[in-house]
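Trainee: Got a structure for you, structure_32.txt, holding compact mmCIF, C-alpha atoms.
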# COMPACT_ATOMS: atom_id res chain seq x y z
CA MET T 19 -55.12 76.51 -120.03
CA CYS T 20 -54.24 72.92 -120.98
CA LEU T 21 -50.66 73.96 -121.55
CA PHE T 22 -50.61 75.67 -118.16
CA LEU T 23 -52.01 72.53 -116.47
CA ALA T 24 -49.50 70.30 -118.25
CA ALA T 25 -46.64 72.59 -117.19
CA LEU T 26 -47.95 72.67 -113.64
CA THR T 27 -48.26 68.86 -113.57
CA ALA T 28 -44.71 68.51 -114.92
CA ALA T 29 -43.43 70.94 -112.30
CA VAL T 30 -45.22 69.06 -109.51
CA LEU T 31 -43.82 65.74 -110.78
CA ALA T 32 -40.31 67.22 -111.02
CA PHE T 33 -40.61 68.62 -107.52
CA THR T 34 -41.93 65.31 -106.18
CA SER T 35 -39.19 63.22 -107.81
CA ALA T 36 -36.54 65.68 -106.62
CA CYS T 37 -37.89 65.22 -103.09
CA VAL T 38 -37.92 61.42 -103.40
CA ALA T 39 -34.33 61.22 -104.68
CA LYS T 40 -32.98 63.54 -102.01
CA PRO T 41 -31.53 61.81 -98.93
CA ARG T 42 -33.41 62.34 -95.69
CA GLN T 43 -31.64 64.57 -93.19
CA TYR T 44 -31.65 64.17 -89.42
CA SER T 45 -29.95 66.13 -86.69
CA LEU T 46 -27.41 64.06 -84.74
CA LYS T 47 -25.77 64.99 -81.42
CA GLY T 48 -23.45 62.74 -79.48
CA GLN T 49 -20.03 61.83 -78.22
CA VAL T 50 -17.30 60.29 -80.35
CA MET T 51 -16.23 57.08 -78.61
CA ASP T 52 -13.58 56.14 -81.12
CA ILE T 53 -12.50 56.35 -84.74
CA SER T 54 -12.18 53.18 -86.79
CA MET T 55 -9.31 52.34 -89.11
CA THR T 56 -11.51 53.17 -92.08
CA GLY T 57 -12.30 56.64 -90.69
CA GLU T 58 -15.76 55.92 -89.29
CA LEU T 59 -16.69 57.83 -86.14
CA ILE T 60 -18.15 55.58 -83.44
CA VAL T 61 -20.74 57.93 -81.96
CA LYS T 62 -22.80 57.45 -78.80
CA HIS T 63 -25.70 59.64 -79.80
CA ASP T 64 -28.96 60.93 -78.42
CA ASP T 65 -32.38 60.03 -79.81
CA ILE T 66 -32.66 60.90 -83.49
CA PRO T 67 -36.34 61.89 -83.68
CA GLY T 68 -38.10 60.12 -86.51
CA PHE T 69 -35.22 57.76 -87.23
CA MET T 70 -33.75 55.82 -84.31
CA PRO T 71 -33.46 55.80 -80.54
CA ALA T 72 -30.25 56.72 -78.70
CA MET T 73 -27.46 54.21 -79.36
CA THR T 74 -23.82 53.81 -80.27
CA MET T 75 -23.16 53.41 -83.98
CA PRO T 76 -20.42 53.89 -86.56
CA TYR T 77 -20.93 56.78 -88.97
CA LYS T 78 -18.80 57.67 -91.96
CA PRO T 79 -18.26 61.41 -92.44
CA ARG T 80 -18.66 62.54 -96.01
CA ASP T 81 -15.57 64.72 -95.62
CA PRO T 82 -12.69 62.32 -94.87
CA GLY T 83 -10.76 65.19 -93.26
CA VAL T 84 -13.20 65.12 -90.32
CA SER T 85 -11.67 61.88 -89.02
CA GLN T 86 -8.35 63.69 -88.66
CA GLN T 87 -9.84 66.62 -86.71
CA VAL T 88 -12.18 64.80 -84.35
CA ARG T 89 -10.83 62.95 -81.30
CA PRO T 90 -12.45 60.36 -79.01
CA GLY T 91 -14.38 62.14 -76.29
CA ASP T 92 -15.40 65.12 -78.42
CA LEU T 93 -19.05 66.11 -78.39
CA ILE T 94 -20.26 66.65 -81.94
CA ALA T 95 -23.30 67.84 -83.83
CA ALA T 96 -23.84 66.79 -87.43
CA ASN T 97 -26.41 66.17 -90.12
CA LEU T 98 -27.13 62.48 -90.61
CA MET T 99 -28.04 61.84 -94.24
CA VAL T 100 -29.95 58.66 -95.15
CA ALA T 101 -30.34 57.72 -98.81
CA LYS T 102 -33.32 55.75 -100.08
CA ASN T 103 -31.09 52.69 -100.60
CA GLY T 104 -30.22 52.71 -96.89
CA ASN T 105 -26.71 54.16 -97.19
CA TYR T 106 -26.02 56.81 -94.57
CA TRP T 107 -23.28 59.29 -93.76
CA LEU T 108 -22.54 62.45 -91.79
CA GLU T 109 -22.31 65.93 -93.20
CA ASP T 110 -21.45 69.25 -91.57
CA VAL T 111 -19.76 67.66 -88.53
CA ARG T 112 -19.11 70.29 -85.82
CA ILE T 113 -17.15 69.74 -82.63
CA THR T 114 -19.27 71.37 -79.90
CA ASP T 115 -17.13 70.47 -76.87
CA GLN T 116 -13.56 69.20 -76.67
CA SER T 117 -13.29 69.10 -72.87
CA GLY T 118 -14.05 65.35 -72.67
CA ARG T 119 -11.28 64.25 -74.98
CA THR T 120 -9.57 62.09 -72.39
CA ALA T 121 -12.78 60.91 -70.70
CA ALA T 122 -14.13 58.71 -73.50
CA ARG T 123 -13.77 54.99 -73.14
CA SER T 124 -12.41 53.19 -76.15
CA ALA T 125 -15.24 51.26 -77.80
CA VAL T 126 -13.35 49.63 -80.62
CA VAL T 127 -10.61 47.15 -81.13
CA THR T 128 -6.97 47.95 -81.41
CA HIS T 129 -5.99 45.40 -84.04
CA THR T 130 -7.85 44.78 -87.24
CA LEU T 131 -6.60 42.37 -89.86
CA ARG T 132 -5.21 44.14 -92.86
CA VAL T 133 -5.84 43.05 -96.43
CA GLY T 134 -3.68 39.99 -97.10
CA GLU T 135 -3.67 38.79 -93.48
CA ARG T 136 -5.18 35.45 -92.52
CA ALA T 137 -8.60 35.35 -90.87
CA PRO T 138 -8.84 33.47 -87.55
CA ASP T 139 -10.19 29.94 -87.75
CA LEU T 140 -12.68 30.05 -84.89
CA PRO T 141 -15.51 27.54 -84.45
CA LEU T 142 -19.04 28.61 -85.38
CA ILE T 143 -22.36 26.77 -85.04
CA ASN T 144 -24.44 26.95 -88.19
CA GLN T 145 -28.19 26.77 -88.81
CA ASP T 146 -28.08 22.96 -88.69
CA GLY T 147 -26.34 22.93 -85.31
CA LYS T 148 -23.13 21.78 -87.01
CA THR T 149 -19.72 23.17 -86.00
CA ILE T 150 -18.05 24.93 -88.92
CA HIS T 151 -14.80 26.86 -89.32
CA LEU T 152 -13.80 29.54 -91.80
CA SER T 153 -11.20 27.03 -93.08
CA ASP T 154 -14.07 24.78 -94.24
CA PHE T 155 -14.58 27.26 -97.06
CA ARG T 156 -10.99 27.18 -98.35
CA GLY T 157 -11.02 27.00 -102.12
CA LYS T 158 -13.98 29.38 -102.26
CA ALA T 159 -14.19 33.15 -102.10
CA LEU T 160 -16.11 33.85 -98.88
CA LEU T 161 -18.30 36.90 -98.29
CA ILE T 162 -19.06 37.44 -94.60
CA THR T 163 -21.47 39.79 -92.91
CA PHE T 164 -22.73 40.25 -89.36
CA ILE T 165 -26.31 40.77 -88.21
CA TYR T 166 -28.72 39.83 -85.44
CA THR T 167 -32.07 38.34 -86.30
CA ARG T 168 -34.14 40.58 -83.99
CA CYS T 169 -32.82 43.77 -85.61
CA PRO T 170 -35.94 45.85 -86.28
CA MET T 171 -34.42 48.59 -88.43
CA PRO T 172 -35.04 48.04 -92.14
CA ALA T 173 -31.97 49.99 -93.22
CA PHE T 174 -29.64 47.75 -91.20
CA CYS T 175 -29.69 43.95 -90.72
CA PRO T 176 -32.84 43.27 -92.79
CA ARG T 177 -31.26 45.22 -95.64
CA LEU T 178 -27.94 43.37 -95.29
CA SER T 179 -29.69 40.00 -95.44
CA SER T 180 -31.87 41.14 -98.34
CA GLN T 181 -28.79 42.16 -100.31
CA PHE T 182 -27.07 38.86 -99.53
CA ALA T 183 -30.23 37.07 -100.72
CA LYS T 184 -29.99 38.97 -103.98
CA ILE T 185 -26.33 37.99 -104.39
CA HIS T 186 -27.15 34.35 -103.60
CA GLU T 187 -29.99 34.29 -106.15
CA HIS T 188 -27.77 35.76 -108.88
CA LEU T 189 -24.88 33.41 -108.19
CA ALA T 190 -27.19 30.40 -108.13
CA LYS T 191 -27.89 31.09 -111.80
CA THR T 192 -24.21 30.66 -112.73
CA PRO T 193 -23.12 27.31 -111.24
CA ALA T 194 -19.45 27.88 -112.15
CA ASP T 195 -19.30 30.95 -109.88
CA CYS T 196 -21.67 29.48 -107.31
CA ASP T 197 -19.37 26.49 -106.74
CA LYS T 198 -16.40 28.80 -106.12
CA THR T 199 -18.12 31.16 -103.71
CA HIS T 200 -19.86 31.05 -100.36
CA LEU T 201 -21.86 33.46 -98.21
CA LEU T 202 -21.68 33.50 -94.42
CA THR T 203 -23.91 35.51 -92.08
CA ILE T 204 -22.69 35.61 -88.47
CA SER T 205 -24.88 36.72 -85.59
CA PHE T 206 -23.97 39.36 -83.02
CA ASP T 207 -26.55 37.82 -80.69
CA PRO T 208 -25.40 34.28 -79.80
CA LYS T 209 -27.72 34.06 -76.78
CA TYR T 210 -30.87 34.48 -78.87
CA ASP T 211 -29.71 33.40 -82.33
CA THR T 212 -29.47 29.67 -81.74
CA ALA T 213 -29.32 27.18 -84.61
CA PRO T 214 -33.14 26.81 -84.94
CA VAL T 215 -33.60 30.59 -84.90
CA LEU T 216 -30.91 31.03 -87.54
CA ARG T 217 -32.41 28.26 -89.65
CA ARG T 218 -35.83 29.91 -89.62
CA TYR T 219 -34.27 33.30 -90.38
CA GLY T 220 -32.18 31.84 -93.22
CA LEU T 221 -35.12 30.05 -94.78
CA ALA T 222 -37.06 33.32 -94.92
CA TYR T 223 -34.28 34.81 -97.07
CA LEU T 224 -33.88 31.61 -99.13
CA ASP T 225 -37.55 31.43 -100.11
CA ASN T 226 -37.89 28.36 -97.87
CA ASP T 227 -35.45 26.41 -100.03
CA ALA T 228 -33.14 24.64 -97.58
CA SER T 229 -30.79 23.61 -100.41
CA GLY T 230 -29.66 27.25 -100.38
CA PHE T 231 -27.76 26.57 -97.15
CA SER T 232 -25.15 24.74 -99.23
CA HIS T 233 -24.15 28.19 -100.55
CA TRP T 234 -25.13 30.44 -97.63
CA ASP T 235 -24.54 29.58 -93.98
CA PHE T 236 -26.02 31.39 -90.98
CA ALA T 237 -23.96 30.94 -87.85
CA SER T 238 -23.28 32.15 -84.35
CA THR T 239 -20.52 31.56 -81.85
CA ASN T 240 -19.90 32.02 -78.15
CA ALA T 241 -19.41 35.50 -76.71
CA ALA T 242 -15.63 35.11 -76.33
CA ASP T 243 -15.04 33.98 -79.91
CA LEU T 244 -17.41 36.63 -81.20
CA ARG T 245 -15.21 39.21 -79.48
CA LYS T 246 -12.13 37.70 -81.18
CA LEU T 247 -13.84 37.79 -84.58
CA ALA T 248 -14.87 41.38 -83.96
CA GLU T 249 -11.31 42.31 -83.11
CA ALA T 250 -10.00 40.55 -86.20
CA PHE T 251 -12.43 42.25 -88.57
CA GLY T 252 -12.65 45.60 -86.78
CA LEU T 253 -16.33 45.28 -85.90
CA THR T 254 -18.03 47.28 -83.18
CA TYR T 255 -21.07 46.05 -81.28
CA ILE T 256 -22.65 47.08 -78.02
CA GLU T 257 -25.71 45.44 -76.45
CA GLU T 258 -28.18 47.80 -74.80
CA ASP T 259 -31.68 46.76 -73.66
CA ASN T 260 -31.84 43.71 -75.92
CA GLN T 261 -30.93 45.85 -78.90
CA ILE T 262 -27.47 45.57 -80.43
CA SER T 263 -25.78 48.61 -81.91
CA HIS T 264 -23.21 47.43 -84.37
CA SER T 265 -21.20 48.32 -87.42
CA MET T 266 -22.35 47.06 -90.81
CA ASP T 267 -19.11 45.60 -92.08
CA ILE T 268 -18.75 43.13 -94.88
CA VAL T 269 -15.55 41.15 -95.35
CA LEU T 270 -14.38 39.24 -98.39
CA LEU T 271 -11.88 36.39 -97.87
CA THR T 272 -9.81 34.87 -100.64
CA PRO T 273 -10.07 31.11 -101.29
CA ASP T 274 -6.88 30.87 -99.20
CA GLY T 275 -8.61 32.43 -96.18
CA LEU T 276 -6.89 35.82 -96.42
CA VAL T 277 -8.69 39.15 -96.07
CA ALA T 278 -9.27 40.45 -99.61
CA GLN T 279 -11.45 43.49 -98.98
CA TYR T 280 -13.59 45.32 -96.41
CA TRP T 281 -16.75 47.34 -96.95
CA PRO T 282 -17.71 49.42 -93.89
CA THR T 283 -21.01 51.09 -94.80
CA ALA T 284 -21.28 52.26 -98.40
CA TRP T 285 -21.77 49.35 -100.80
CA THR T 286 -24.25 47.91 -103.24
CA ALA T 287 -25.23 44.29 -103.82
CA THR T 288 -23.92 44.58 -107.39
CA GLU T 289 -20.54 45.78 -106.16
CA LEU T 290 -20.27 42.94 -103.61
CA GLU T 291 -21.38 40.32 -106.11
CA GLU T 292 -18.87 41.49 -108.69
CA ALA T 293 -16.01 41.50 -106.15
CA LEU T 294 -16.97 38.00 -105.00
CA ARG T 295 -17.07 36.67 -108.56
CA GLN T 296 -13.76 38.35 -109.40
CA GLU T 297 -12.07 36.90 -106.32
CA ALA T 298 -13.30 33.40 -107.16
CA ARG T 299 -12.27 33.69 -110.82
CA SER T 300 -8.84 35.17 -110.20
CA ALA T 301 -8.11 32.39 -107.71
CA SER T 302 -9.18 29.80 -110.29
CA VAL T 303 -6.85 31.34 -112.87
CA ALA T 304 -3.96 31.34 -110.38
CA THR T 305 -4.61 27.67 -109.53
CA ALA T 306 -4.70 26.72 -113.20
CA LYS T 307 -1.43 28.57 -113.84
CA ALA T 308 0.25 26.85 -110.89
CA ALA T 309 -0.97 23.46 -112.14
CA GLY T 310 0.39 24.29 -115.63
CA MET T 311 3.81 25.21 -114.22
CA LYS T 312 4.02 21.91 -112.29
CA ARG T 313 3.47 20.00 -115.49
CA MET B 16 -38.32 75.23 -110.28
CA SER B 17 -38.81 78.69 -108.87
CA ASP B 18 -38.43 79.51 -105.19
CA GLY B 19 -42.00 80.73 -105.27
CA PHE B 20 -43.28 77.34 -106.39
CA GLY B 21 -41.18 75.59 -103.75
CA ARG B 22 -42.56 77.91 -101.08
CA ALA B 23 -46.10 77.29 -102.31
CA CYS B 24 -45.58 73.52 -102.09
CA LEU B 25 -44.06 73.89 -98.65
CA ALA B 26 -47.02 76.01 -97.53
CA CYS B 27 -49.41 73.31 -98.81
CA CYS B 28 -47.44 70.61 -96.98
CA LEU B 29 -47.41 72.62 -93.75
CA THR B 30 -51.13 73.28 -94.01
CA ALA B 31 -51.78 69.59 -94.61
CA ALA B 32 -49.47 68.64 -91.74
CA SER B 33 -51.12 71.03 -89.30
CA PHE B 34 -54.57 69.74 -90.37
CA HIS B 35 -53.34 66.18 -89.82
CA LEU B 36 -51.94 67.02 -86.39
CA THR B 37 -55.08 68.85 -85.36
CA GLY B 38 -57.16 65.89 -86.49
CA CYS B 39 -54.97 63.48 -84.53
CA SER B 40 -55.15 65.46 -81.33
CA GLN B 41 -58.92 65.69 -81.57
CA ILE B 42 -59.25 61.98 -82.09
CA GLY B 43 -56.75 61.42 -79.29
CA LEU B 44 -59.01 63.16 -76.73
CA GLY B 45 -61.42 60.27 -76.56
CA ARG B 46 -58.93 57.44 -76.80
CA GLY B 47 -57.99 54.96 -74.13
CA ALA B 48 -54.56 54.86 -72.53
CA ALA B 49 -53.75 51.43 -74.01
CA GLU B 50 -54.47 52.67 -77.52
CA GLN B 51 -52.33 55.77 -77.03
CA ARG B 52 -49.45 53.74 -75.63
CA GLY B 53 -49.90 51.32 -78.52
CA GLU B 54 -49.61 54.14 -81.04
CA ILE B 55 -46.36 55.35 -79.47
CA LEU B 56 -44.99 51.79 -79.56
CA PHE B 57 -46.14 51.38 -83.14
CA ASP B 58 -44.38 54.58 -84.22
CA ARG B 59 -41.22 53.50 -82.45
CA HIS B 60 -41.03 49.83 -83.43
CA CYS B 61 -43.29 49.16 -86.41
CA ALA B 62 -43.79 52.27 -88.52
CA ASP B 63 -40.30 52.21 -90.08
CA CYS B 64 -41.30 49.04 -91.92
CA HIS B 65 -45.10 48.95 -92.05
CA ASP B 66 -45.71 52.60 -92.91
CA GLU B 67 -42.98 52.85 -95.54
CA SER B 68 -42.98 51.85 -99.20
CA ASN B 69 -40.27 50.65 -101.57
CA LEU B 70 -37.86 49.63 -98.84
CA ASP B 71 -34.64 48.01 -99.98
CA LEU B 72 -35.78 44.65 -98.64
CA LYS B 73 -36.40 41.17 -100.02
CA LYS B 74 -40.07 41.38 -99.10
CA GLN B 75 -42.07 44.55 -98.58
CA PRO B 76 -43.68 44.57 -95.13
CA PRO B 77 -47.48 44.74 -95.44
CA LYS B 78 -49.44 47.85 -94.53
CA LEU B 79 -51.49 47.25 -91.41
CA LYS B 80 -54.50 49.47 -91.98
CA GLY B 81 -57.63 47.39 -91.64
CA LEU B 82 -55.64 44.44 -90.24
CA PHE B 83 -58.50 43.18 -88.11
CA ARG B 84 -61.22 44.06 -90.61
CA SER B 85 -60.21 41.11 -92.74
CA LYS B 86 -60.67 37.50 -91.66
CA LEU B 87 -57.09 36.69 -92.58
CA LEU B 88 -53.75 38.35 -91.86
CA PRO B 89 -51.42 39.15 -94.80
CA SER B 90 -49.70 35.82 -93.99
CA GLY B 91 -52.95 33.94 -94.51
CA SER B 92 -53.34 33.08 -90.82
CA PRO B 93 -56.61 33.94 -89.05
CA ALA B 94 -56.76 37.60 -87.97
CA THR B 95 -56.98 36.93 -84.26
CA ASP B 96 -55.38 38.72 -81.31
CA GLU B 97 -53.51 35.54 -80.45
CA GLN B 98 -52.04 35.19 -83.95
CA VAL B 99 -50.97 38.84 -84.08
CA ARG B 100 -49.41 38.61 -80.61
CA ASN B 101 -47.52 35.51 -81.71
CA THR B 102 -46.25 37.28 -84.85
CA ILE B 103 -45.04 40.28 -82.85
CA ILE B 104 -43.25 38.15 -80.25
CA ASN B 105 -41.76 35.44 -82.48
CA GLY B 106 -41.56 37.19 -85.83
CA ARG B 107 -42.68 35.66 -89.10
CA GLY B 108 -40.74 35.24 -92.34
CA THR B 109 -38.39 38.19 -92.62
CA MET B 110 -40.17 40.10 -89.85
CA PRO B 111 -37.92 40.16 -86.76
CA ALA B 112 -39.06 38.80 -83.41
CA PHE B 113 -39.70 41.31 -80.63
CA ASP B 114 -39.22 38.64 -78.00
CA GLN B 115 -37.65 40.07 -74.81
CA ARG B 116 -37.75 43.57 -76.27
CA LEU B 117 -41.41 44.27 -75.60
CA ARG B 118 -43.21 43.53 -72.36
CA GLU B 119 -46.50 41.63 -72.38
CA GLN B 120 -48.32 44.86 -71.65
CA ASP B 121 -46.58 46.49 -74.63
CA VAL B 122 -47.78 43.72 -76.94
CA ASP B 123 -51.33 44.06 -75.57
CA ASP B 124 -51.21 47.83 -76.17
CA LEU B 125 -49.93 47.32 -79.70
CA VAL B 126 -52.73 44.87 -80.49
CA THR B 127 -55.25 47.34 -79.07
CA TYR B 128 -53.87 50.06 -81.33
CA LEU B 129 -53.79 47.77 -84.38
CA HIS B 130 -57.53 47.18 -83.89
CA THR B 131 -58.10 50.92 -84.44
CA LEU B 132 -56.30 51.08 -87.81
CA ARG B 133 -58.91 51.44 -90.53
So that I can check it, write out the structure of this file as structure tokens.

Mentor:
Amino acid sequence: MCLFLAALTAAVLAFTSACVAKPRQYSLKGQVMDISMTGELIVKHDDIPGFMPAMTMPYKPRDPGVSQQVRPGDLIAANLMVAKNGNYWLEDVRITDQSGRTAARSAVVTHTLRVGERAPDLPLINQDGKTIHLSDFRGKALLITFIYTRCPMPAFCPRLSSQFAKIHEHLAKTPADCDKTHLLTISFDPKYDTAPVLRRYGLAYLDNDASGFSHWDFASTNAADLRKLAEAFGLTYIEEDNQISHSMDIVLLTPDGLVAQYWPTAWTATELEEALRQEARSASVATAKAAGMKR
Amino acid sequence: MSDGFGRACLACCLTAASFHLTGCSQIGLGRGAAEQRGEILFDRHCADCHDESNLDLKKQPPKLKGLFRSKLLPSGSPATDEQVRNTIINGRGTMPAFDQRLREQDVDDLVTYLHTLR
């Protein structure tokens, strides 16, 4: 009897853990507005019961071949998979109607900076109300992400900022890497995310330690420059009813201000941190070599 | 794991779910409109954080059952309607502000519903 109970308990535990590890699945229906350079489908979708209201969002299909078959304007149905760590993707993408192929309005930019191209040096206002430029961070590897402080969905902006906080905390423990790196969070919501709002938001992720701003800036810009930044980095964002649907891109710039790498949706804090450290270290090695050659 | 065991678990879950739903609808019969609207708003705007566990976030949002039964909110502020309204509208710590996204009536309905969580 005891053996039977133990086996039953083990089976229940195995079943429970299998359920926990499995990504959640939701049914998604919508229209493809565009397809990003990295193969994400920008989908204007209906309500996803139990997950999110209707909005326009980028989704990466698990099968990369889907991006070749689907065209802007297509109506699609798919399974939206959401992992416990917040990563999400589409599976089983079916085109349900192709008749609107020419009717869809382009929702994304036409030119995105490629790796190795220089990022634009647009003015931003940081959490202290000070004007900063991306060029202020030359000499440091710069990791940039985009959020808005009123984002209520835990798998999106709050998760991005939480992961950046983790990276900041780790880097702060190794001053050599900390000095050669910087984090920058830029808001999609310049009207609401003023300097005081960004400062309060930043402090919440810095454990109320304002000295952390020397390694992590929170900034916004005017609507026109935000559009230019979005074009440069291939971001999508649409404001609807005080809620902003946007892509979750992360960009790494070299210490020379060139695009080093993009992460559209699937990433981990460890992966980002490692790439940031590597970029900072490889630049230091290159500088040392150049200095040696001059001598 | 056998299919039979999986089906048995599923049957248990469905039974539990139907019991839960039946219970909810019975309770719902006697509830005020504000409370019912508040519950819908809660499910839409709050449950993703406050009803979930182990979120991939810097700080885990507190559960809100019994919020008004304690003298203090999880933040340590007094558990008053005014303080909760202020937290919803302006946010607090890593909690986002719902300023301009909820109407005053929505906030009132949410507070009414939060009073019923035990």

Trainee: Applying 9 Å and only C-alpha atoms, which residues near B:Ile103 remain after dropping the ones on its own chain fewer than 5 positions away? List them as a ChimeraX atom specification.

Mentor: /B:98,110-114,122

Trainee: Take atom CA of T:Pro41 and atom CA of T:Pro76 and report the distance between them in Å, one decimal.

Mentor: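 Result for atom CA of T:Pro41 versus atom CA of T:Pro76: 18.4 Å, one decimal.
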
Trainee: At most 9 Å is the cut-off: for each residue in chain B with any atom that close to an atom of chain T, write down the nearest atom pair and the distance in Å rounded to one decimal, counting all atoms listed in the file, chain first then increasing number, as JSON lines.

Mentor:
{"residue": "B:Met16", "atom": "CA", "partner": "T:Ala29", "partner_atom": "CA", "distance": 7.0}
{"residue": "B:Phe20", "atom": "CA", "partner": "T:Ala29", "partner_atom": "CA", "distance": 8.7}
{"residue": "B:Gly21", "atom": "CA", "partner": "T:Phe33", "partner_atom": "CA", "distance": 7.9}
{"residue": "B:Cys24", "atom": "CA", "partner": "T:Val30", "partner_atom": "CA", "distance": 8.7}
{"residue": "B:Asp58", "atom": "CA", "partner": "T:Gly68", "partner_atom": "CA", "distance": 8.7}
{"residue": "B:Arg59", "atom": "CA", "partner": "T:Met70", "partner_atom": "CA", "distance": 8.0}
{"residue": "B:His60", "atom": "CA", "partner": "T:Pro170", "partner_atom": "CA", "distance": 7.1}
{"residue": "B:Cys61", "atom": "CA", "partner": "T:Pro170", "partner_atom": "CA", "distance": 8.1}
{"residue": "B:Asp63", "atom": "CA", "partner": "T:Pro172", "partner_atom": "CA", "distance": 7.0}
{"residue": "B:Cys64", "atom": "CA", "partner": "T:Pro172", "partner_atom": "CA", "distance": 6.3}
{"residue": "B:Asn69", "atom": "CA", "partner": "T:Lys102", "partner_atom": "CA", "distance": 8.7}
{"residue": "B:Leu70", "atom": "CA", "partner": "T:Pro172", "partner_atom": "CA", "distance": 7.4}
{"residue": "B:Asp71", "atom": "CA", "partner": "T:Asn103", "partner_atom": "CA", "distance": 5.9}
{"residue": "B:Leu72", "atom": "CA", "partner": "T:Ser180", "partner_atom": "CA", "distance": 5.3}
{"residue": "B:Lys73", "atom": "CA", "partner": "T:Ser180", "partner_atom": "CA", "distance": 4.8}
{"residue": "B:Lys74", "atom": "CA", "partner": "T:Ser180", "partner_atom": "CA", "distance": 8.2}
{"residue": "B:Gly106", "atom": "CA", "partner": "T:Arg168", "partner_atom": "CA", "distance": 8.4}
{"residue": "B:Arg107", "atom": "CA", "partner": "T:Ala222", "partner_atom": "CA", "distance": 8.4}
{"residue": "B:Gly108", "atom": "CA", "partner": "T:Ala222", "partner_atom": "CA", "distance": 4.9}
{"residue": "B:Thr109", "atom": "CA", "partner": "T:Ala222", "partner_atom": "CA", "distance": 5.5}
{"residue": "B:Met110", "atom": "CA", "partner": "T:Pro170", "partner_atom": "CA", "distance": 8.0}
{"residue": "B:Pro111", "atom": "CA", "partner": "T:Arg168", "partner_atom": "CA", "distance": 4.7}
{"residue": "B:Ala112", "atom": "CA", "partner": "T:Arg168", "partner_atom": "CA", "distance": 5.3}
{"residue": "B:Phe113", "atom": "CA", "partner": "T:Arg168", "partner_atom": "CA", "distance": 6.5}
{"residue": "B:Asp114", "atom": "CA", "partner": "T:Arg168", "partner_atom": "CA", "distance": 8.1}
{"residue": "B:Gln115", "atom": "CA", "partner": "T:Asn260", "partner_atom": "CA", "distance": 6.9}
{"residue": "B:Arg116", "atom": "CA", "partner": "T:Asn260", "partner_atom": "CA", "distance": 5.9}

Trainee: Determine, counting only C-alpha atoms, which protein, DNA and RNA residues have an atom within 9 Å of an atom of stretch 188-190 of chain T; residues of the same chain fewer than 2 positions away are not included. Present the result as a short mmCIF file (atom, residue, chain, number, x, y, z; two decimals) with C-alpha atoms, keeping the file's coordinate frame.

Mentor:
data_model
loop_
_atom_site.label_atom_id
_atom_site.label_comp_id
_atom_site.auth_asym_id
_atom_site.auth_seq_id
_atom_site.Cartn_x
_atom_site.Cartn_y
_atom_site.Cartn_z
CA ALA T 183 -30.23 37.07 -100.72
CA LYS T 184 -29.99 38.97 -103.98
CA ILE T 185 -26.33 37.99 -104.39
CA HIS T 186 -27.15 34.35 -103.60
CA THR T 192 -24.21 30.66 -112.73
CA PRO T 193 -23.12 27.31 -111.24
CA ALA T 194 -19.45 27.88 -112.15
CA ASP T 195 -19.30 30.95 -109.88
CA CYS T 196 -21.67 29.48 -107.31
CA ASP T 197 -19.37 26.49 -106.74
CA THR T 199 -18.12 31.16 -103.71
CA GLY T 230 -29.66 27.25 -100.38
CA HIS T 233 -24.15 28.19 -100.55
CA GLU T 291 -21.38 40.32 -106.11
CA ARG T 295 -17.07 36.67 -108.56
#

Trainee: Taking (-7.8, 34.9, -90.1) in the file's coordinates, which residues come within 8 Å, counting only C-alpha atoms, written as a ChimeraX atom specification?

Mentor: /T:131,135-139,250,275-277

Trainee: Any idea what the distance is between atom CA of B:His130 and atom CA of B:Ala49?

Mentor: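 So the two atoms, atom CA of B:His130 and atom CA of B:Ala49, lie 11.4 Å apart.
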
Trainee: When you count only C-alpha atoms, which of these residues is closest to T:Val100: T:Ser85, T:Ser229, T:Ser45, T:Ser205?

Mentor: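 Of the candidates, the smallest distance to T:Val100 is held by T:Ser45.
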
Trainee: What is the atom CA of T:Lys78-atom CA of T:Gln296 distance in Å, reported with one decimal?

Mentor: 26.5 Å

Trainee: Find the residues around T:Ala72 up to 6 Å (all atoms listed in the file counted), leave out those fewer than 4 positions away in its own chain, and share them as an mmCIF file with C-alpha atoms, keeping the file's coordinate frame.

Mentor:
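selection.cif written:
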data_model
loop_
_atom_site.group_PDB
_atom_site.id
_atom_site.type_symbol
_atom_site.label_atom_id
_atom_site.label_comp_id
_atom_site.auth_asym_id
_atom_site.auth_seq_id
_atom_site.Cartn_x
_atom_site.Cartn_y
_atom_site.Cartn_z
ATOM 1 C CA HIS T 63 -25.700 59.640 -79.800
ATOM 2 C CA ASP T 64 -28.960 60.930 -78.420
ATOM 3 C CA ASP T 65 -32.380 60.030 -79.810
#

Trainee: Given the choices T:Ala213, T:Leu98, T:Leu247, T:Leu201, which gets closest to T:Trp234 if the distance is worked out from only C-alpha atoms?

Mentor: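 The shortest atom-to-atom distance to T:Trp234 comes from T:Leu201.
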